[in-house]
$ cat start_36.pdb   # PDB, C-alpha atoms
ATOM      1  CA  ALA A   1     301.698 -77.600-231.139
ATOM      2  CA  ALA A   2     298.024 -76.707-231.215
ATOM      3  CA  ARG A   3     296.801 -74.625-234.093
ATOM      4  CA  GLU A   4     296.818 -70.848-233.732
ATOM      5  CA  ASP A   5     293.555 -69.012-234.413
ATOM      6  CA  PRO A   6     292.561 -70.085-237.968
ATOM      7  CA  ARG A   7     290.173 -67.193-238.606
ATOM      8  CA  ASP A   8     290.565 -64.169-240.846
ATOM      9  CA  ALA A   9     291.051 -60.831-239.113
ATOM     10  CA  PHE A  10     289.410 -57.488-239.887
ATOM     11  CA  VAL A  11     291.890 -54.641-239.475
ATOM     12  CA  SER A  12     290.793 -51.010-239.641
ATOM     13  CA  HIS A  13     291.295 -47.673-237.898
ATOM     14  CA  ARG A  14     287.790 -46.330-238.470
ATOM     15  CA  TYR A  15     285.594 -49.411-238.213
ATOM     16  CA  THR A  16     285.398 -52.321-235.797
ATOM     17  CA  ARG A  17     283.457 -54.821-237.895
ATOM     18  CA  LEU A  18     283.078 -55.699-241.542
ATOM     19  CA  ALA A  19     279.341 -55.005-241.379
ATOM     20  CA  GLU A  20     280.014 -51.371-240.449
ATOM     21  CA  LEU A  21     281.729 -50.546-243.752
ATOM     22  CA  PRO A  22     279.674 -48.212-245.950
ATOM     23  CA  PRO A  23     279.075 -48.863-249.666
ATOM     24  CA  GLY A  24     282.186 -48.105-251.686
ATOM     25  CA  ALA A  25     284.586 -48.637-248.792
ATOM     26  CA  VAL A  26     287.930 -49.985-249.992
ATOM     27  CA  VAL A  27     288.987 -53.339-248.549
ATOM     28  CA  GLY A  28     292.409 -54.795-249.260
ATOM     29  CA  THR A  29     293.210 -58.495-249.522
ATOM     30  CA  SER A  30     295.734 -60.633-251.353
ATOM     31  CA  SER A  31     293.591 -63.772-251.173
ATOM     32  CA  LEU A  32     291.158 -64.873-253.899
ATOM     33  CA  ARG A  33     289.416 -66.968-251.239
ATOM     34  CA  ARG A  34     288.754 -63.915-249.104
ATOM     35  CA  GLU A  35     287.906 -61.764-252.111
ATOM     36  CA  ALA A  36     285.250 -64.181-253.391
ATOM     37  CA  GLN A  37     283.561 -64.464-249.997
ATOM     38  CA  LEU A  38     283.654 -60.698-249.488
ATOM     39  CA  ARG A  39     282.151 -60.048-252.911
ATOM     40  CA  GLU A  40     279.403 -62.608-252.315
ATOM     41  CA  ARG A  41     278.287 -61.188-248.962
ATOM     42  CA  HIS A  42     279.220 -57.509-249.387
ATOM     43  CA  PRO A  43     278.859 -56.652-253.088
ATOM     44  CA  ALA A  44     278.819 -52.894-252.420
ATOM     45  CA  LEU A  45     282.400 -52.873-251.144
ATOM     46  CA  ALA A  46     285.402 -52.101-253.354
ATOM     47  CA  ILE A  47     287.846 -55.002-253.068
ATOM     48  CA  GLU A  48     291.393 -54.038-254.024
ATOM     49  CA  PRO A  49     294.609 -56.107-254.167
ATOM     50  CA  LEU A  50     296.978 -55.850-251.210
ATOM     51  CA  ARG A  51     300.565 -56.985-251.717
ATOM     52  CA  GLY A  52     303.668 -57.230-249.550
ATOM     53  CA  ASN A  53     304.560 -58.754-246.209
ATOM     54  CA  VAL A  54     302.465 -58.095-243.116
ATOM     55  CA  ASN A  55     304.396 -54.962-242.166
ATOM     56  CA  THR A  56     303.957 -53.524-245.656
ATOM     57  CA  ARG A  57     300.240 -54.298-245.694
ATOM     58  CA  LEU A  58     299.694 -52.633-242.335
ATOM     59  CA  ARG A  59     301.665 -49.600-243.487
ATOM     60  CA  LYS A  60     299.467 -49.256-246.575
ATOM     61  CA  LEU A  61     296.415 -49.269-244.317
ATOM     62  CA  ASP A  62     298.031 -46.667-242.061
ATOM     63  CA  GLU A  63     298.734 -44.484-245.103
ATOM     64  CA  GLY A  64     295.012 -44.386-245.852
ATOM     65  CA  ARG A  65     295.037 -46.435-249.039
ATOM     66  CA  TYR A  66     292.358 -48.739-247.636
ATOM     67  CA  ASP A  67     289.438 -48.393-245.253
ATOM     68  CA  ALA A  68     290.136 -51.906-243.974
ATOM     69  CA  ILE A  69     292.251 -54.931-244.777
ATOM     70  CA  ILE A  70     291.739 -58.644-244.169
ATOM     71  CA  LEU A  71     294.672 -60.746-242.955
ATOM     72  CA  ALA A  72     295.161 -64.089-241.243
ATOM     73  CA  ALA A  73     294.733 -63.699-237.504
ATOM     74  CA  ALA A  74     297.487 -66.238-236.856
ATOM     75  CA  GLY A  75     300.111 -64.245-238.734
ATOM     76  CA  LEU A  76     299.222 -61.029-236.955
ATOM     77  CA  LYS A  77     299.334 -62.669-233.540
ATOM     78  CA  ARG A  78     302.615 -64.482-234.161
ATOM     79  CA  LEU A  79     304.279 -61.274-235.348
ATOM     80  CA  GLY A  80     303.088 -59.311-232.323
ATOM     81  CA  PHE A  81     300.367 -57.369-234.143
ATOM     82  CA  GLY A  82     297.405 -58.922-232.348
ATOM     83  CA  SER A  83     296.372 -55.502-231.043
ATOM     84  CA  ARG A  84     295.782 -54.363-234.632
ATOM     85  CA  ILE A  85     292.870 -56.793-235.008
ATOM     86  CA  ALA A  86     289.584 -54.876-234.821
ATOM     87  CA  SER A  87     287.489 -58.050-234.970
ATOM     88  CA  LEU A  88     287.634 -61.638-236.144
ATOM     89  CA  LEU A  89     285.594 -63.136-238.970
ATOM     90  CA  GLU A  90     283.904 -66.365-237.942
ATOM     91  CA  ALA A  91     284.203 -69.368-240.231
ATOM     92  CA  ASP A  92     280.619 -69.087-241.451
ATOM     93  CA  GLU A  93     281.383 -65.581-242.732
ATOM     94  CA  SER A  94     284.873 -66.193-244.127
ATOM     95  CA  LEU A  95     285.814 -69.861-244.277
ATOM     96  CA  PRO A  96     289.577 -70.208-243.679
ATOM     97  CA  ALA A  97     292.145 -71.623-246.076
ATOM     98  CA  PRO A  98     293.294 -75.231-245.628
ATOM     99  CA  GLY A  99     295.933 -75.338-242.907
ATOM    100  CA  GLN A 100     295.491 -71.693-241.885
ATOM    101  CA  GLY A 101     296.994 -71.082-238.465
ATOM    102  CA  ALA A 102     298.811 -74.434-238.282
ATOM    103  CA  LEU A 103     302.558 -75.028-238.240
ATOM    104  CA  ALA A 104     304.192 -78.070-239.817
ATOM    105  CA  ILE A 105     307.565 -79.721-239.321
ATOM    106  CA  GLU A 106     308.995 -81.416-242.399
ATOM    107  CA  CYS A 107     311.551 -84.229-242.430
ATOM    108  CA  ARG A 108     312.695 -87.088-244.643
ATOM    109  CA  ALA A 109     310.255 -89.987-244.917
ATOM    110  CA  ASP A 110     313.116 -92.516-244.775
ATOM    111  CA  ARG A 111     314.121 -91.423-241.267
ATOM    112  CA  PRO A 112     311.596 -93.281-239.072
ATOM    113  CA  GLU A 113     313.543 -92.499-235.891
ATOM    114  CA  LEU A 114     313.300 -88.781-236.679
ATOM    115  CA  VAL A 115     309.615 -89.066-237.550
ATOM    116  CA  ALA A 116     309.021 -90.780-234.196
ATOM    117  CA  ALA A 117     311.012 -88.150-232.300
ATOM    118  CA  LEU A 118     309.077 -85.306-233.884
ATOM    119  CA  ALA A 119     305.700 -86.980-233.382
ATOM    120  CA  VAL A 120     305.579 -85.907-229.737
ATOM    121  CA  LEU A 121     305.459 -82.270-230.890
ATOM    122  CA  GLY A 122     302.272 -82.839-232.852
ATOM    123  CA  ASP A 123     298.781 -81.893-231.736
ATOM    124  CA  ARG A 124     296.265 -84.594-232.631
ATOM    125  CA  ALA A 125     293.290 -82.337-233.296
ATOM    126  CA  THR A 126     295.383 -80.021-235.476
ATOM    127  CA  THR A 127     296.950 -82.919-237.383
ATOM    128  CA  LEU A 128     293.625 -84.573-238.177
ATOM    129  CA  ALA A 129     291.904 -81.316-239.101
ATOM    130  CA  THR A 130     294.636 -80.106-241.418
ATOM    131  CA  THR A 131     295.014 -83.553-242.987
ATOM    132  CA  ALA A 132     291.357 -83.469-244.002
ATOM    133  CA  GLU A 133     291.608 -79.886-245.239
ATOM    134  CA  ARG A 134     294.695 -80.575-247.339
ATOM    135  CA  ALA A 135     293.179 -83.740-248.813
ATOM    136  CA  PHE A 136     290.112 -81.756-249.873
ATOM    137  CA  SER A 137     292.251 -79.044-251.476
ATOM    138  CA  ARG A 138     294.642 -81.489-253.136
ATOM    139  CA  ALA A 139     291.831 -83.527-254.680
ATOM    140  CA  LEU A 140     290.396 -80.369-256.251
ATOM    141  CA  GLY A 141     293.747 -79.056-257.435
ATOM    142  CA  GLY A 142     293.576 -76.098-255.087
ATOM    143  CA  SER A 143     296.199 -73.384-255.507
ATOM    144  CA  CYS A 144     296.637 -69.659-254.908
ATOM    145  CA  HIS A 145     294.771 -69.158-258.201
ATOM    146  CA  THR A 146     291.668 -70.948-256.927
ATOM    147  CA  PRO A 147     289.136 -69.334-254.548
ATOM    148  CA  LEU A 148     289.014 -72.424-252.307
ATOM    149  CA  ALA A 149     288.456 -72.751-248.574
ATOM    150  CA  GLY A 150     288.541 -75.753-246.279
ATOM    151  CA  TYR A 151     288.223 -75.872-242.517
ATOM    152  CA  ALA A 152     287.867 -78.853-240.195
ATOM    153  CA  GLU A 153     287.240 -79.138-236.467
ATOM    154  CA  TRP A 154     287.956 -82.304-234.500
ATOM    155  CA  GLU A 155     286.212 -82.964-231.196
ATOM    156  CA  GLU A 156     285.437 -86.104-229.213
ATOM    157  CA  GLY A 157     286.561 -88.394-232.007
ATOM    158  CA  ALA A 158     284.527 -86.733-234.762
ATOM    159  CA  LEU A 159     285.778 -84.489-237.551
ATOM    160  CA  TRP A 160     283.567 -81.807-239.125
ATOM    161  CA  LEU A 161     284.888 -80.545-242.444
ATOM    162  CA  ARG A 162     283.470 -77.574-244.346
ATOM    163  CA  GLY A 163     284.554 -76.623-247.856
ATOM    164  CA  LEU A 164     283.975 -73.849-250.372
ATOM    165  CA  LEU A 165     284.747 -73.189-254.024
ATOM    166  CA  ALA A 166     283.819 -69.920-255.682
ATOM    167  CA  ALA A 167     284.111 -67.691-258.675
ATOM    168  CA  ARG A 168     286.330 -64.720-257.924
ATOM    169  CA  ASP A 169     283.432 -62.262-258.308
ATOM    170  CA  GLY A 170     281.411 -64.118-255.671
ATOM    171  CA  GLY A 171     278.534 -64.648-258.080
ATOM    172  CA  ASP A 172     278.800 -68.424-257.970
ATOM    173  CA  VAL A 173     279.692 -70.187-254.723
ATOM    174  CA  LEU A 174     279.636 -73.904-253.953
ATOM    175  CA  ARG A 175     279.568 -74.985-250.318
ATOM    176  CA  GLY A 176     279.514 -78.369-248.652
ATOM    177  CA  GLU A 177     280.277 -80.163-245.426
ATOM    178  CA  VAL A 178     280.738 -83.641-244.081
ATOM    179  CA  ASP A 179     281.348 -85.146-240.665
ATOM    180  CA  ALA A 180     282.346 -88.563-239.423
ATOM    181  CA  GLU A 181     284.069 -90.430-236.634
ATOM    182  CA  VAL A 182     287.810 -90.157-237.366
ATOM    183  CA  ALA A 183     290.569 -91.842-235.380
ATOM    184  CA  ASP A 184     293.691 -91.334-237.493
ATOM    185  CA  ALA A 185     295.244 -89.412-240.374
ATOM    186  CA  GLU A 186     294.104 -92.043-242.862
ATOM    187  CA  GLY A 187     290.501 -91.468-241.844
ATOM    188  CA  ALA A 188     290.956 -87.697-242.016
ATOM    189  CA  ASP A 189     292.418 -87.985-245.492
ATOM    190  CA  ALA A 190     289.474 -90.108-246.597
ATOM    191  CA  LEU A 191     287.041 -87.543-245.212
ATOM    192  CA  GLY A 192     288.696 -84.779-247.206
ATOM    193  CA  MET A 193     288.559 -86.892-250.352
ATOM    194  CA  ALA A 194     284.887 -87.648-249.732
ATOM    195  CA  LEU A 195     284.011 -83.960-249.560
ATOM    196  CA  ALA A 196     285.999 -83.305-252.730
ATOM    197  CA  ASP A 197     284.110 -86.099-254.496
ATOM    198  CA  ASP A 198     280.841 -84.495-253.391
ATOM    199  CA  PHE A 199     281.976 -81.154-254.823
ATOM    200  CA  LEU A 200     282.969 -82.743-258.118
ATOM    201  CA  ALA A 201     279.597 -84.488-258.327
ATOM    202  CA  ARG A 202     277.933 -81.089-257.880
ATOM    203  CA  GLY A 203     279.826 -79.366-260.658
ATOM    204  CA  ALA A 204     283.071 -78.198-259.067
ATOM    205  CA  ALA A 205     284.828 -78.535-262.413
ATOM    206  CA  ARG A 206     283.351 -75.222-263.527
ATOM    207  CA  PHE A 207     285.473 -73.415-260.950
ATOM    208  CA  LEU A 208     288.618 -75.429-261.580
ATOM    209  CA  ALA A 209     288.421 -74.824-265.326
ATOM    210  CA  ASP A 210     288.491 -71.084-264.690
TER     211      ASP A 210
END

$ encode --input "start_36.pdb" --output "structure tokens"
Amino acid sequence: AAREDPRDAFVSHRYTRLAELPPGAVVGTSSLRREAQLRERHPALAIEPLRGNVNTRLRKLDEGRYDAIILAAAGLKRLGFGSRIASLLEADESLPAPGQGALAIECRADRPELVAALAVLGDRATTLATTAERAFSRALGGSCHTPLAGYAEWEEGALWLRGLLAARDGGDVLRGEVDAEVADAEGADALGMALADDFLARGAARFLAD
């Protein structure tokens, strides 16, 4: 299936956009990736941790603990909470996590007949994009403890991959992008590795060591 909306969503009762938040406004997020990008672009905001499942996070907002929260748009839409989204953050403002919005089906590698049967359910653009994103993250040792973002878009045979590594406080952010003609998953994987190599050549180790 095609990827659901990969963007981050801004959820708030009082404000419609992130830019409307006044200095000191409390924003909740559980993601270091989102936190780092928020702190870089909006240093006057108070970023606070937000734990729990989607229902719990929305309840905490409703109870007034936060002025706004940032969640994945895909999760909100799939759970029927799309109406709670005040606005969406474009990728140039909050670059998504690798694979955000995509669904995967897992099966045994030694069952080629099952792999072939499931292949018809795949969406080519989604598969190539997420393959590149995951290769980029894997090569840099990305985890939930690393403020890392990776987002690819595939169109007319070409794949455009953007990546980001950051310090949690947003004071040091490394960005990069690469694009190339890509026809298969092997090419997408190579593109992700190429961007990771570029990041490493530009000092990405300083983020990974932290």

$ atom_distance --input "start_36.pdb" --atom1 "atom CA of A:Leu114" --atom2 "atom CA of A:Leu159"
27.9 Å

$ residues_around --input "start_36.pdb" --residues "A:Ser83" --least-positions-apart "4" --cutoff "12 Å" --atoms "only C-alpha atoms" --output "NGL selection string"
:A and (9-13 or 73 or 76-79 or 87-88)

$ closest_residue --input "start_36.pdb" --among "A:Ala86, A:Ala125, A:Leu195, A:Leu32" --to "A:Ala183" --atoms "all atoms listed in the file"
A:Ala125

$ closest_residue --input "start_36.pdb" --among "A:Pro23, A:Gly157, A:Gly141, A:Pro147" --to "A:Gly170" --atoms "only C-alpha atoms"
A:Pro147

$ residues_near_point --input "start_36.pdb" --point "(288.8, -53.4, -249.9)" --cutoff "10 Å" --atoms "all atoms listed in the file" --output "list in words"
Leu21, Gly24, Ala25, Val26, Val27, Gly28, Thr29, Glu35, Leu38, Arg39, Leu45, Ala46, Ile47, Glu48, Pro49, Leu50, Arg65, Tyr66, Asp67, Ala68, Ile69 and Ile70 of chain A

$ write_last_selection --input "start_36.pdb" --atoms "C-alpha atoms" --output "mmCIF file, in the frame of the given file"
data_model
loop_
_atom_site.group_PDB
_atom_site.id
_atom_site.type_symbol
_atom_site.label_atom_id
_atom_site.label_comp_id
_atom_site.auth_asym_id
_atom_site.auth_seq_id
_atom_site.Cartn_x
_atom_site.Cartn_y
_atom_site.Cartn_z
ATOM 1 C CA LEU A 21 281.729 -50.546 -243.752
ATOM 2 C CA GLY A 24 282.186 -48.105 -251.686
ATOM 3 C CA ALA A 25 284.586 -48.637 -248.792
ATOM 4 C CA VAL A 26 287.930 -49.985 -249.992
ATOM 5 C CA VAL A 27 288.987 -53.339 -248.549
ATOM 6 C CA GLY A 28 292.409 -54.795 -249.260
ATOM 7 C CA THR A 29 293.210 -58.495 -249.522
ATOM 8 C CA GLU A 35 287.906 -61.764 -252.111
ATOM 9 C CA LEU A 38 283.654 -60.698 -249.488
ATOM 10 C CA ARG A 39 282.151 -60.048 -252.911
ATOM 11 C CA LEU A 45 282.400 -52.873 -251.144
ATOM 12 C CA ALA A 46 285.402 -52.101 -253.354
ATOM 13 C CA ILE A 47 287.846 -55.002 -253.068
ATOM 14 C CA GLU A 48 291.393 -54.038 -254.024
ATOM 15 C CA PRO A 49 294.609 -56.107 -254.167
ATOM 16 C CA LEU A 50 296.978 -55.850 -251.210
ATOM 17 C CA ARG A 65 295.037 -46.435 -249.039
ATOM 18 C CA TYR A 66 292.358 -48.739 -247.636
ATOM 19 C CA ASP A 67 289.438 -48.393 -245.253
ATOM 20 C CA ALA A 68 290.136 -51.906 -243.974
ATOM 21 C CA ILE A 69 292.251 -54.931 -244.777
ATOM 22 C CA ILE A 70 291.739 -58.644 -244.169
#

$ resolve_selection --input "start_36.pdb" --expression "the PyMOL selection byres ((chain A and resi 8) around 9)" --output "number ranges by chain"
A: 5-7, 9-10, 34, 70-74, 88-91, 94-96

$ resolve_selection --input "start_36.pdb" --expression "the PyMOL selection byres ((chain A and resi 166) around 9)" --output "ChimeraX atom specification"
/A:33,36-37,146-149,164-165,167-175,204,207

$ atom_distance --input "start_36.pdb" --atom1 "atom CA of A:Glu186" --atom2 "atom CA of A:Ala109"
16.4 Å

$ atom_distance --input "start_36.pdb" --atom1 "atom CA of A:Ala201" --atom2 "atom CA of A:Asp179"
17.8 Å

$ closest_residue --input "start_36.pdb" --among "A:Pro43, A:Gly64, A:Gly52, A:Gly80" --to "A:Arg14" --atoms "all atoms listed in the file"
A:Gly64

$ residues_around --input "start_36.pdb" --residues "A:Ala139" --least-positions-apart "3" --cutoff "8 Å" --atoms "only C-alpha atoms" --output "list in words"
Ala135, Phe136, Gly142, Met193 and Ala196 of chain A

$ residues_around --input "start_36.pdb" --residues "A:Ala188" --least-positions-apart "2" --cutoff "12 Å" --atoms "only C-alpha atoms" --output "PyMOL selection string"
chain A and resi 124-136+152-154+157-161+178-186+190-195

$ axis_aligned_box --input "start_36.pdb" --around "stretch 198-205 of chain A" --padding-each-side "6 Å" --output "lines of an AutoDock Vina configuration file"
center_x = 281.4
center_y = -81.3
center_z = -257.9
size_x = 18.9
size_y = 18.3
size_z = 21.0

$ closest_residue --input "start_36.pdb" --among "A:Leu200, A:Leu208, A:Ala117, A:Ala104" --to "A:Ala2" --atoms "only C-alpha atoms"
A:Ala104

$ closest_residue --input "start_36.pdb" --among "A:Val54, A:Val120, A:Ala44, A:Ala1" --to "A:Gly75" --atoms "all atoms listed in the file"
A:Val54

$ closest_residue --input "start_36.pdb" --among "A:Tyr15, A:Asp189, A:Leu140, A:Glu155" --to "A:Gly203" --atoms "all atoms listed in the file"
A:Leu140

$ resolve_selection --input "start_36.pdb" --expression "the PyMOL selection byres ((chain A and resi 118) around 12)" --output "mmCIF file with C-alpha atoms, in the frame of the given file"
data_model
loop_
_atom_site.group_PDB
_atom_site.id
_atom_site.type_symbol
_atom_site.label_atom_id
_atom_site.label_comp_id
_atom_site.auth_asym_id
_atom_site.auth_seq_id
_atom_site.Cartn_x
_atom_site.Cartn_y
_atom_site.Cartn_z
ATOM 1 C CA ALA A 1 301.698 -77.600 -231.139
ATOM 2 C CA ALA A 104 304.192 -78.070 -239.817
ATOM 3 C CA ILE A 105 307.565 -79.721 -239.321
ATOM 4 C CA GLU A 106 308.995 -81.416 -242.399
ATOM 5 C CA CYS A 107 311.551 -84.229 -242.430
ATOM 6 C CA ARG A 108 312.695 -87.088 -244.643
ATOM 7 C CA ARG A 111 314.121 -91.423 -241.267
ATOM 8 C CA PRO A 112 311.596 -93.281 -239.072
ATOM 9 C CA GLU A 113 313.543 -92.499 -235.891
ATOM 10 C CA LEU A 114 313.300 -88.781 -236.679
ATOM 11 C CA VAL A 115 309.615 -89.066 -237.550
ATOM 12 C CA ALA A 116 309.021 -90.780 -234.196
ATOM 13 C CA ALA A 117 311.012 -88.150 -232.300
ATOM 14 C CA ALA A 119 305.700 -86.980 -233.382
ATOM 15 C CA VAL A 120 305.579 -85.907 -229.737
ATOM 16 C CA LEU A 121 305.459 -82.270 -230.890
ATOM 17 C CA GLY A 122 302.272 -82.839 -232.852
ATOM 18 C CA ASP A 123 298.781 -81.893 -231.736
#
